[in-house]
>>> print(open('data_24.txt').read())   # compact mmCIF, C-alpha atoms and all ligand atoms
# COMPACT_ATOMS: atom_id res chain seq x y z
CA MET X 1 0.00 0.00 0.00
CA THR X 2 1.26 3.49 -0.84
CA LYS X 3 2.51 5.18 2.31
CA LYS X 4 1.25 8.61 3.19
CA ILE X 5 3.14 11.56 4.62
CA LEU X 6 1.40 14.52 6.22
CA ILE X 7 3.08 17.87 5.59
CA LEU X 8 2.43 20.69 8.06
CA PRO X 9 4.12 23.87 6.76
CA GLY X 10 3.12 26.06 9.74
CA ASP X 11 4.06 29.74 10.00
CA GLY X 12 6.78 32.26 9.14
CA ILE X 13 9.48 30.65 7.00
CA GLY X 14 7.71 27.27 7.43
CA PRO X 15 5.97 27.25 4.03
CA GLU X 16 9.12 28.47 2.17
CA ILE X 17 11.43 25.82 3.59
CA ILE X 18 8.82 23.06 3.32
CA ASN X 19 8.45 23.93 -0.40
CA GLN X 20 12.06 22.94 -0.94
CA ALA X 21 11.60 19.57 0.77
CA GLU X 22 8.48 19.06 -1.34
CA LYS X 23 10.47 19.61 -4.54
CA ILE X 24 12.67 16.70 -3.46
CA LEU X 25 9.69 14.52 -2.58
CA ALA X 26 8.03 15.35 -5.91
CA TYR X 27 11.23 14.45 -7.76
CA LEU X 28 11.51 11.13 -5.90
CA ILE X 29 7.86 10.25 -6.51
CA ASP X 30 7.63 11.43 -10.15
CA GLU X 31 11.08 10.56 -11.46
CA GLN X 32 12.26 7.73 -9.21
CA ALA X 33 8.95 5.97 -8.62
CA LEU X 34 9.15 6.28 -4.84
CA ASP X 35 5.88 4.74 -3.63
CA LEU X 36 4.70 7.60 -1.45
CA GLU X 37 2.04 10.28 -1.42
CA PHE X 38 1.75 13.43 0.63
CA GLU X 39 -0.96 15.83 1.71
CA HIS X 40 -1.03 19.09 3.64
CA GLY X 41 -2.52 20.07 6.98
CA LEU X 42 -2.73 23.07 9.27
CA ILE X 43 -0.85 23.69 12.51
CA GLY X 44 0.22 26.72 14.53
CA GLY X 45 -0.80 30.31 13.89
CA SER X 46 -2.10 29.57 10.40
CA ALA X 47 -4.44 26.97 11.96
CA VAL X 48 -5.56 29.50 14.58
CA ASP X 49 -6.39 31.96 11.78
CA ALA X 50 -8.24 29.39 9.66
CA GLU X 51 -9.93 27.22 12.29
CA GLY X 52 -9.53 28.96 15.65
CA VAL X 53 -7.26 26.33 17.22
CA PRO X 54 -3.51 25.64 16.87
CA LEU X 55 -4.04 21.93 16.13
CA PRO X 56 -7.34 21.16 14.38
CA ASP X 57 -8.73 17.65 15.04
CA SER X 58 -8.45 16.94 11.32
CA SER X 59 -4.68 17.57 11.40
CA LEU X 60 -4.18 15.18 14.33
CA ALA X 61 -6.45 12.55 12.74
CA ARG X 62 -4.57 12.73 9.44
CA ALA X 63 -1.23 12.63 11.29
CA ARG X 64 -2.38 9.43 12.98
CA GLU X 65 -3.24 7.89 9.58
CA SER X 66 0.12 8.86 8.07
CA ALA X 67 3.38 6.96 8.21
CA ALA X 68 5.18 10.15 9.19
CA VAL X 69 4.78 13.91 9.51
CA LEU X 70 7.05 16.60 8.07
CA LEU X 71 6.71 19.94 9.86
CA GLY X 72 8.06 23.41 9.00
CA ALA X 73 7.83 25.65 12.08
CA VAL X 74 5.16 27.44 14.08
CA GLY X 75 4.72 30.76 15.85
CA GLY X 76 5.24 34.45 15.34
CA PRO X 77 4.54 37.88 16.83
CA LYS X 78 1.00 37.92 15.41
CA TRP X 79 -0.08 35.23 17.88
CA GLU X 80 2.01 36.15 20.93
CA GLN X 81 -0.76 37.98 22.76
CA ILE X 82 -3.62 35.52 22.26
CA ASP X 83 -4.91 33.23 25.02
CA ARG X 84 -2.22 30.80 26.07
CA PRO X 85 -4.09 27.58 25.07
CA LEU X 86 -4.50 28.98 21.55
CA ARG X 87 -0.87 29.91 20.99
CA PRO X 88 0.83 28.22 18.01
CA GLU X 89 3.39 26.44 20.20
CA ARG X 90 0.52 24.65 21.97
CA GLY X 91 -0.24 23.02 18.61
CA LEU X 92 3.23 21.60 18.59
CA LEU X 93 2.95 20.30 22.16
CA ALA X 94 -0.47 18.83 21.32
CA ILE X 95 0.70 16.91 18.24
CA ARG X 96 3.74 15.58 20.12
CA ALA X 97 1.48 14.39 22.93
CA GLY X 98 -1.27 13.18 20.52
CA LEU X 99 1.15 10.98 18.58
CA ASP X 100 3.04 10.06 21.77
CA LEU X 101 6.28 11.29 20.26
CA PHE X 102 8.34 10.83 23.39
CA ALA X 103 11.83 10.72 21.89
CA ASN X 104 13.43 13.67 20.16
CA LEU X 105 16.64 12.93 18.26
CA ARG X 106 18.67 16.00 17.45
CA PRO X 107 21.97 15.43 15.69
CA ALA X 108 24.57 18.18 15.94
CA VAL X 109 26.85 17.43 13.04
CA LEU X 110 29.38 19.84 11.63
CA PHE X 111 29.67 19.70 7.86
CA PRO X 112 33.44 20.14 7.29
CA GLN X 113 32.66 22.76 4.61
CA LEU X 114 31.13 24.92 7.36
CA ALA X 115 33.86 24.64 10.02
CA SER X 116 34.52 28.37 9.72
CA ALA X 117 30.84 29.18 10.40
CA SER X 118 31.17 28.01 14.01
CA THR X 119 32.02 30.60 16.63
CA LEU X 120 34.39 28.06 18.19
CA LYS X 121 37.88 27.30 16.92
CA ALA X 122 37.93 24.85 14.01
CA ASP X 123 39.99 22.26 15.94
CA VAL X 124 37.36 22.21 18.73
CA VAL X 125 34.46 21.47 16.37
CA ASN X 126 36.01 19.73 13.34
CA ASN X 127 34.21 16.42 12.67
CA LEU X 128 31.77 17.11 15.52
CA ASP X 129 29.01 14.48 15.60
CA ILE X 130 26.78 14.47 18.68
CA MET X 131 23.30 12.99 19.00
CA ILE X 132 21.10 14.59 21.63
CA VAL X 133 18.21 12.40 22.74
CA ARG X 134 15.66 14.63 24.45
CA GLU X 135 12.60 13.39 26.36
CA LEU X 136 9.72 15.16 24.68
CA THR X 137 6.34 14.44 26.22
CA GLY X 138 7.03 14.70 29.94
CA GLY X 139 8.86 16.80 32.47
CA ILE X 140 8.19 20.40 33.33
CA TYR X 141 6.65 21.32 29.94
CA PHE X 142 3.70 19.01 30.62
CA GLY X 143 3.61 18.54 34.42
CA GLN X 144 0.51 19.55 36.35
CA PRO X 145 -0.31 21.72 38.19
CA ARG X 146 0.83 24.69 36.14
CA GLY X 147 -0.34 28.24 35.84
CA ILE X 148 -0.22 31.75 37.23
CA LYS X 149 -2.23 32.46 40.36
CA LYS X 150 -2.91 35.39 42.64
CA LEU X 151 -1.44 35.14 46.13
CA ASP X 152 -3.14 36.39 49.27
CA ASP X 153 -0.93 39.47 49.31
CA GLY X 154 -2.14 40.42 45.80
CA GLN X 155 1.02 39.58 43.84
CA ARG X 156 0.95 36.89 41.12
CA GLN X 157 2.88 33.61 41.31
CA GLY X 158 3.85 31.47 38.33
CA PHE X 159 4.30 27.74 38.86
CA ASN X 160 5.13 24.57 36.89
CA THR X 161 5.74 20.98 37.92
CA LEU X 162 8.71 18.78 37.03
CA VAL X 163 7.56 15.18 37.07
CA TYR X 164 9.01 11.94 35.62
CA SER X 165 7.80 8.40 36.16
CA GLU X 166 10.11 5.37 35.91
CA ASN X 167 8.54 4.17 32.66
CA GLU X 168 9.00 7.55 31.00
CA ILE X 169 12.68 7.52 31.97
CA LYS X 170 13.21 3.91 30.87
CA ARG X 171 11.73 4.32 27.38
CA ILE X 172 13.80 7.39 26.51
CA ALA X 173 16.93 5.81 27.98
CA ARG X 174 16.41 2.69 25.87
CA ILE X 175 16.37 4.83 22.72
CA ALA X 176 19.61 6.51 23.82
CA PHE X 177 21.36 3.20 24.56
CA GLU X 178 20.21 1.73 21.26
CA VAL X 179 21.30 4.77 19.25
CA ALA X 180 24.67 4.75 21.06
CA SER X 181 25.20 1.06 20.31
CA LYS X 182 25.10 1.95 16.58
CA ARG X 183 27.52 4.85 17.08
CA GLN X 184 30.56 5.15 19.39
CA GLY X 185 28.85 3.33 22.26
CA ARG X 186 28.83 6.15 24.81
CA VAL X 187 25.84 7.72 26.58
CA CYS X 188 26.06 10.78 28.79
CA SER X 189 22.91 11.25 30.87
CA VAL X 190 22.40 14.87 31.86
CA ASP X 191 20.41 15.79 34.97
CA LYS X 192 20.37 18.00 38.05
CA ALA X 193 20.23 15.15 40.55
CA ASN X 194 21.95 17.22 43.23
CA VAL X 195 18.95 19.59 43.42
CA LEU X 196 15.88 18.03 41.76
CA GLU X 197 14.37 14.79 43.10
CA ALA X 198 12.72 14.05 39.74
CA THR X 199 16.17 13.84 38.16
CA GLU X 200 17.60 11.95 41.15
CA LEU X 201 15.16 9.22 40.09
CA TRP X 202 16.17 9.81 36.45
CA ARG X 203 19.81 9.02 37.37
CA GLU X 204 18.88 5.91 39.39
CA VAL X 205 16.64 4.44 36.67
CA ILE X 206 19.15 5.01 33.88
CA SER X 207 21.99 3.48 35.92
CA GLU X 208 19.83 0.40 36.52
CA LEU X 209 18.89 0.12 32.81
CA ALA X 210 22.53 0.44 31.73
CA LYS X 211 23.04 -3.17 32.92
CA ASP X 212 21.02 -4.30 29.86
CA TYR X 213 23.54 -2.58 27.58
CA PRO X 214 26.97 -3.85 28.68
CA ASP X 215 28.59 -2.60 25.47
CA VAL X 216 27.52 0.98 26.05
CA GLU X 217 29.46 3.16 28.47
CA LEU X 218 27.26 5.34 30.70
CA GLN X 219 28.34 8.60 32.28
CA HIS X 220 26.26 11.06 34.32
CA MET X 221 26.71 14.81 34.22
CA TYR X 222 24.94 17.77 35.86
CA VAL X 223 23.32 20.07 33.36
CA ASP X 224 25.38 23.13 34.28
CA ASN X 225 28.59 21.18 33.72
CA ALA X 226 27.20 19.72 30.48
CA ALA X 227 26.57 23.23 29.12
CA MET X 228 30.15 24.16 29.99
CA GLN X 229 31.63 20.95 28.52
CA LEU X 230 29.66 21.35 25.28
CA VAL X 231 31.45 24.64 24.68
CA ARG X 232 34.83 23.60 26.13
CA GLU X 233 35.30 20.17 24.54
CA PRO X 234 32.20 19.11 22.59
CA LYS X 235 33.86 16.14 20.90
CA GLN X 236 33.92 14.26 24.25
CA PHE X 237 30.21 13.49 23.69
CA ASP X 238 28.66 10.74 21.58
CA VAL X 239 25.00 10.46 22.71
CA ILE X 240 23.51 12.78 25.31
CA VAL X 241 20.18 11.78 26.89
CA THR X 242 18.30 14.30 28.96
CA THR X 243 14.97 15.71 30.11
CA ASN X 244 12.59 17.81 28.06
CA MET X 245 13.71 21.23 29.26
CA PHE X 246 17.43 20.51 29.58
CA GLY X 247 17.33 18.94 26.10
CA ASP X 248 15.59 21.98 24.68
CA ILE X 249 18.35 24.26 25.91
CA LEU X 250 21.37 22.02 25.32
CA SER X 251 20.35 21.08 21.79
CA ASP X 252 20.12 24.74 20.80
CA LEU X 253 23.54 25.29 22.32
CA ALA X 254 24.91 22.27 20.43
CA SER X 255 23.34 23.53 17.21
CA MET X 256 25.33 26.74 17.37
CA LEU X 257 28.55 24.74 17.67
CA THR X 258 27.83 23.71 14.10
CA GLY X 259 27.54 27.25 12.85
CA SER X 260 23.90 27.57 11.89
CA ILE X 261 20.57 26.72 13.33
CA GLY X 262 19.42 26.48 9.70
CA MET X 263 21.39 23.26 9.11
CA LEU X 264 20.03 20.90 11.76
CA PRO X 265 17.16 18.43 11.43
CA SER X 266 15.35 16.54 14.15
CA ALA X 267 13.21 13.46 14.55
CA SER X 268 10.53 12.89 17.16
CA LEU X 269 9.66 9.25 17.48
CA ALA X 270 6.84 7.17 18.94
CA SER X 271 7.30 3.59 20.08
CA ASP X 272 5.48 2.28 16.96
CA GLY X 273 8.06 3.84 14.62
CA LYS X 274 5.85 6.75 13.60
CA GLY X 275 7.73 10.01 13.62
CA MET X 276 7.46 13.72 13.14
CA TYR X 277 10.41 15.39 11.47
CA GLU X 278 11.23 19.07 11.60
CA PRO X 279 14.12 21.50 11.52
CA ILE X 280 15.25 22.49 15.01
CA HIS X 281 14.81 26.19 14.34
CA GLY X 282 11.65 28.21 14.75
CA SER X 283 9.56 30.16 12.26
CA ALA X 284 12.13 32.99 11.97
CA PRO X 285 9.54 35.74 11.46
CA ASP X 286 12.37 38.26 11.04
CA ILE X 287 13.29 36.75 7.66
CA ALA X 288 9.96 35.23 6.54
CA GLY X 289 8.89 35.87 2.95
CA GLN X 290 12.31 37.12 1.83
CA ASP X 291 13.58 33.96 0.11
CA ILE X 292 16.69 33.94 2.33
CA ALA X 293 15.89 31.18 4.85
CA ASN X 294 18.15 28.14 4.83
CA PRO X 295 16.10 25.11 3.72
CA LEU X 296 18.80 22.51 4.41
CA ALA X 297 17.62 21.62 7.95
CA THR X 298 14.19 20.84 6.50
CA ILE X 299 15.67 18.85 3.62
CA LEU X 300 17.79 16.89 6.12
CA SER X 301 14.63 16.36 8.20
CA LEU X 302 13.04 14.74 5.14
CA SER X 303 16.10 12.53 4.87
CA MET X 304 15.67 11.48 8.53
CA LEU X 305 11.97 10.79 7.84
CA LEU X 306 12.83 8.48 4.95
CA ARG X 307 15.49 6.75 7.06
CA TYR X 308 13.74 6.33 10.42
CA SER X 309 10.04 5.96 9.54
CA LEU X 310 10.17 4.50 6.01
CA SER X 311 13.49 2.58 6.11
CA GLU X 312 14.51 4.18 2.78
CA ASN X 313 18.16 4.35 3.84
CA VAL X 314 19.59 4.43 0.32
CA ILE X 315 17.48 7.41 -0.69
CA ALA X 316 18.19 9.14 2.64
CA ASP X 317 21.94 8.70 2.01
CA LYS X 318 21.51 10.22 -1.45
CA ILE X 319 19.74 13.26 0.00
CA ASP X 320 22.51 13.70 2.59
CA ASN X 321 25.09 13.39 -0.19
CA ALA X 322 23.22 15.98 -2.27
CA VAL X 323 23.34 18.46 0.64
CA ASN X 324 27.04 17.76 1.03
CA GLN X 325 27.54 18.32 -2.69
CA VAL X 326 25.86 21.76 -2.81
CA LEU X 327 28.00 22.85 0.15
CA THR X 328 31.13 21.54 -1.58
CA ASP X 329 30.03 23.47 -4.69
CA GLY X 330 30.19 26.62 -2.56
CA LEU X 331 26.46 27.38 -2.42
CA ARG X 332 25.42 29.13 0.80
CA THR X 333 22.28 30.80 2.07
CA LYS X 334 22.83 34.10 3.86
CA ASP X 335 23.03 32.58 7.37
CA ILE X 336 26.08 30.44 6.45
CA HIS X 337 27.57 32.67 3.79
CA ALA X 338 31.32 33.31 3.85
CA ASP X 339 33.83 35.06 1.58
CA GLY X 340 34.38 33.31 -1.73
CA MET X 341 31.09 31.39 -1.57
CA THR X 342 28.02 31.85 -3.76
CA CYS X 343 25.10 33.37 -1.87
CA VAL X 344 21.81 31.80 -2.95
CA GLY X 345 18.20 32.17 -1.90
CA THR X 346 15.91 29.54 -0.39
CA ASN X 347 14.45 28.46 -3.75
CA GLU X 348 17.77 28.35 -5.54
CA MET X 349 19.22 26.19 -2.75
CA GLY X 350 16.25 23.81 -2.99
CA ASP X 351 16.67 23.53 -6.77
CA ALA X 352 20.40 22.90 -6.40
CA VAL X 353 19.77 20.02 -3.99
CA VAL X 354 17.27 18.46 -6.42
CA THR X 355 19.87 18.69 -9.21
CA ALA X 356 22.60 17.22 -6.98
CA LEU X 357 20.19 14.44 -6.00
CA SER X 358 19.20 13.65 -9.58
CA ASN X 359 22.90 13.34 -10.49
CA GLN X 360 23.13 10.34 -8.17
CA PHE X 361 20.55 8.19 -9.97
P1 LIG N 401 14.03 31.04 15.45
O1 LIG N 401 14.71 29.73 15.41
O2 LIG N 401 12.81 31.18 14.64
O3 LIG N 401 15.06 32.18 14.98
C1 LIG N 401 16.27 32.46 15.68
C2 LIG N 401 17.24 33.16 14.72
O4 LIG N 401 17.73 32.21 13.77
C3 LIG N 401 16.59 34.28 13.91
O5 LIG N 401 17.52 35.31 13.72
C4 LIG N 401 16.27 33.63 12.58
O6 LIG N 401 16.23 34.52 11.49
C5 LIG N 401 17.41 32.61 12.45
N1 LIG N 401 16.97 31.42 11.70
C6 LIG N 401 16.13 30.46 12.14
N2 LIG N 401 15.92 29.54 11.18
C7 LIG N 401 16.66 29.95 10.11
C8 LIG N 401 16.85 29.41 8.81
N3 LIG N 401 16.26 28.28 8.40
N4 LIG N 401 17.65 30.09 7.96
C9 LIG N 401 18.26 31.22 8.34
N5 LIG N 401 18.12 31.78 9.56
C10 LIG N 401 17.32 31.14 10.44
O7 LIG N 401 13.74 31.36 16.99
P2 LIG N 401 12.96 32.59 17.65
O8 LIG N 401 13.24 33.84 16.90
O9 LIG N 401 13.27 32.49 19.08
O10 LIG N 401 11.43 32.23 17.49
C11 LIG N 401 10.59 32.70 16.44
C12 LIG N 401 9.25 32.02 16.54
O11 LIG N 401 9.41 30.62 16.32
C13 LIG N 401 8.59 32.15 17.90
O12 LIG N 401 7.22 32.33 17.71
C14 LIG N 401 8.87 30.82 18.57
O13 LIG N 401 7.91 30.49 19.54
C15 LIG N 401 8.82 29.89 17.40
N6 LIG N 401 9.55 28.64 17.55
C16 LIG N 401 9.02 27.55 16.93
C17 LIG N 401 9.69 26.35 16.96
C18 LIG N 401 9.11 25.21 16.21
O14 LIG N 401 8.20 25.39 15.43
N7 LIG N 401 9.61 23.99 16.41
C19 LIG N 401 10.93 26.26 17.60
C20 LIG N 401 11.47 27.40 18.19
C21 LIG N 401 10.77 28.59 18.14
>>> encode(input="data_24.txt", output="structure tokens")
Amino acid sequence: MTKKILILPGDGIGPEIINQAEKILAYLIDEQALDLEFEHGLIGGSAVDAEGVPLPDSSLARARESAAVLLGAVGGPKWEQIDRPLRPERGLLAIRAGLDLFANLRPAVLFPQLASASTLKADVVNNLDIMIVRELTGGIYFGQPRGIKKLDDGQRQGFNTLVYSENEIKRIARIAFEVASKRQGRVCSVDKANVLEATELWREVISELAKDYPDVELQHMYVDNAAMQLVREPKQFDVIVTTNMFGDILSDLASMLTGSIGMLPSASLASDGKGMYEPIHGSAPDIAGQDIANPLATILSLSMLLRYSLSENVIADKIDNAVNQVLTDGLRTKDIHADGMTCVGTNEMGDAVVTALSNQF
């Protein structure tokens, strides 16, 4: 049966960067007989405008029927003042929870052609290849109670709850151990066990589970030290596994080690193999509609989708090679542009990747 992909362009630069990934999909379906079809759905601010909610039921239902979801990005100043439950980002949280996408895989890989784009010295980041495995459906972003209340003395108090159960910790840790066993075999679990009981349990459960993976070396690190080590000596890490909020922050930090937030894809996986794939960056409203956004993170997200949810490893490799080729050819969007390189727009970059891809068949 033909597999279906749901595409959710979202807001800001979302539609522009998704267009480039669609060109690749269209090429693969039309010219290479890839047995796949795709359709579009609404999420984020554009869904609020059209249907009054950031994740319409129809989008979630179609996501559930699809083999995988490709997402652009959501959010923007237009929706920052609306009621909290209607904000675009709530759509993202809702689809992650609705599909039970509990594992977020965020590679931080430095393309050697972009070593000079990093703010760190080339010898610190050369050949950097870290995988951050972030827990995505639990922790403080979802814990109840949460809110802002009025205290007796009239001032307001904001509160959130950090909560992790053993099963939530085990299932994300398993993903990290399994990913590490296919890489360099090292997991660093990041927590704040010296202060937060929820992560004291996190540390205990992961240490226990490590016995099932004798070939993987486990290390624990406090989050403040991990932030420091990522900047000081990032190549010491292979796989990092951490909580929702720590992973959110550390993966953005790791992304900048590679030079541009516009280069990094991510996968969010459920236990049944279904996944949602998206660039790690946001909707970049400051550059939306200008044809200057970097589409490569989205194109690499499509490659991850084909690899992890559809087992099309050969095609995924070809897409990765095509991205490598355009960088080797000196093509750069504005965010990664450097002297002597050719500055291209979003569309031109997308077209160049399609050409580089077609040269491999
Ligand atoms: P952002 O990632 O959108 O932008 C940060 C900076 O990086 C901006 O200067 C932007 O121009 C640049 N940038 C981002 N993607 C780029 C690309 N592909 N090419 C070139 N430059 C790029 O983060 P932000 O500005 O903090 O947030 C903007 C909006 O996006 C907010 O509404 C936020 O809530 C939302 N957001 C959404 C997601 C998501 O959809 N997954 C993630 C983060 C932020």
>>> residues_around(input="data_24.txt", residues="X:Leu201", least_positions_apart="4", cutoff="10 Å", atoms="only C-alpha atoms", output="list in words")
Tyr164, Ser165, Glu166, Ile169, Asp191, Ala193, Leu196, Glu197, Val205, Ile206 and Ser207 of chain X
>>> closest_residue(input="data_24.txt", among="X:Asp339, X:Asp252, X:Asp152, X:Asp317", to="ligand LIG 401 (chain N)", atoms="all atoms listed in the file")
X:Asp252
>>> residues_around(input="data_24.txt", residues="X:Ser251", least_positions_apart="2", cutoff="8 Å", atoms="all atoms listed in the file", output="PyMOL selection string")
chain X and resi 106+108+132+247-249+253-255
>>> closest_residue(input="data_24.txt", among="X:Arg96, X:Arg146, X:Arg232, X:Arg156", to="X:Gly275", atoms="all atoms listed in the file")
X:Arg96
>>> closest_residue(input="data_24.txt", among="X:Ala352, X:Ala316, X:Leu101, X:Leu162", to="X:Ala270", atoms="all atoms listed in the file")
X:Leu101
>>> closest_residue(input="data_24.txt", among="X:Pro214, X:Gly139, X:Gly330, X:Pro112", to="X:Gly259", atoms="all atoms listed in the file")
X:Pro112
>>> closest_atom_pairs(input="data_24.txt", of="stretch 98-159 of chain X", to="stretch 173-179 of chain X", cutoff="12 Å", atoms="all atoms listed in the file", output="CSV")
residue,atom,partner,partner_atom,distance
X:Phe102,CA,X:Ile175,CA,10.0
X:Ala103,CA,X:Ile175,CA,7.5
X:Asn104,CA,X:Ile175,CA,9.7
X:Leu105,CA,X:Ala176,CA,9.0
X:Arg106,CA,X:Ala176,CA,11.5
X:Pro107,CA,X:Val179,CA,11.3
X:Ile130,CA,X:Val179,CA,11.2
X:Met131,CA,X:Val179,CA,8.5
X:Ile132,CA,X:Ala176,CA,8.5
X:Val133,CA,X:Ala176,CA,6.1
X:Arg134,CA,X:Ala176,CA,9.1
X:Glu135,CA,X:Ala173,CA,8.9
>>> closest_residue(input="data_24.txt", among="X:Thr199, X:Asn313, X:Thr298, X:Asn244", to="X:Leu264", atoms="only C-alpha atoms")
X:Thr298
>>> residues_around(input="data_24.txt", residues="X:Met256", least_positions_apart="6", cutoff="10 Å", atoms="only C-alpha atoms", output="compact mmCIF listing (two decimals) with C-alpha atoms, in the coordinates of the input")
# COMPACT_ATOMS: atom_id res chain seq x y z
CA ALA X 108 24.57 18.18 15.94
CA LEU X 110 29.38 19.84 11.63
CA ALA X 117 30.84 29.18 10.40
CA SER X 118 31.17 28.01 14.01
CA THR X 119 32.02 30.60 16.63
CA LEU X 120 34.39 28.06 18.19
CA VAL X 231 31.45 24.64 24.68
CA GLY X 262 19.42 26.48 9.70
CA MET X 263 21.39 23.26 9.11
CA LEU X 264 20.03 20.90 11.76
>>> residues_near_ligand(input="data_24.txt", ligand="ligand LIG 401 (chain N)", cutoff="9 Å", atoms="all atoms listed in the file", output="PyMOL selection string")
chain X and resi 10-14+17+44+71-80+87-89+92+260-264+278-288+292-298+333-336+346
>>> atom_distance(input="data_24.txt", atom1="atom CA of X:Val314", atom2="atom CA of X:Val109")
19.6 Å
>>> atom_distance(input="data_24.txt", atom1="atom CA of X:Glu348", atom2="atom CA of X:Gln290")
12.7 Å
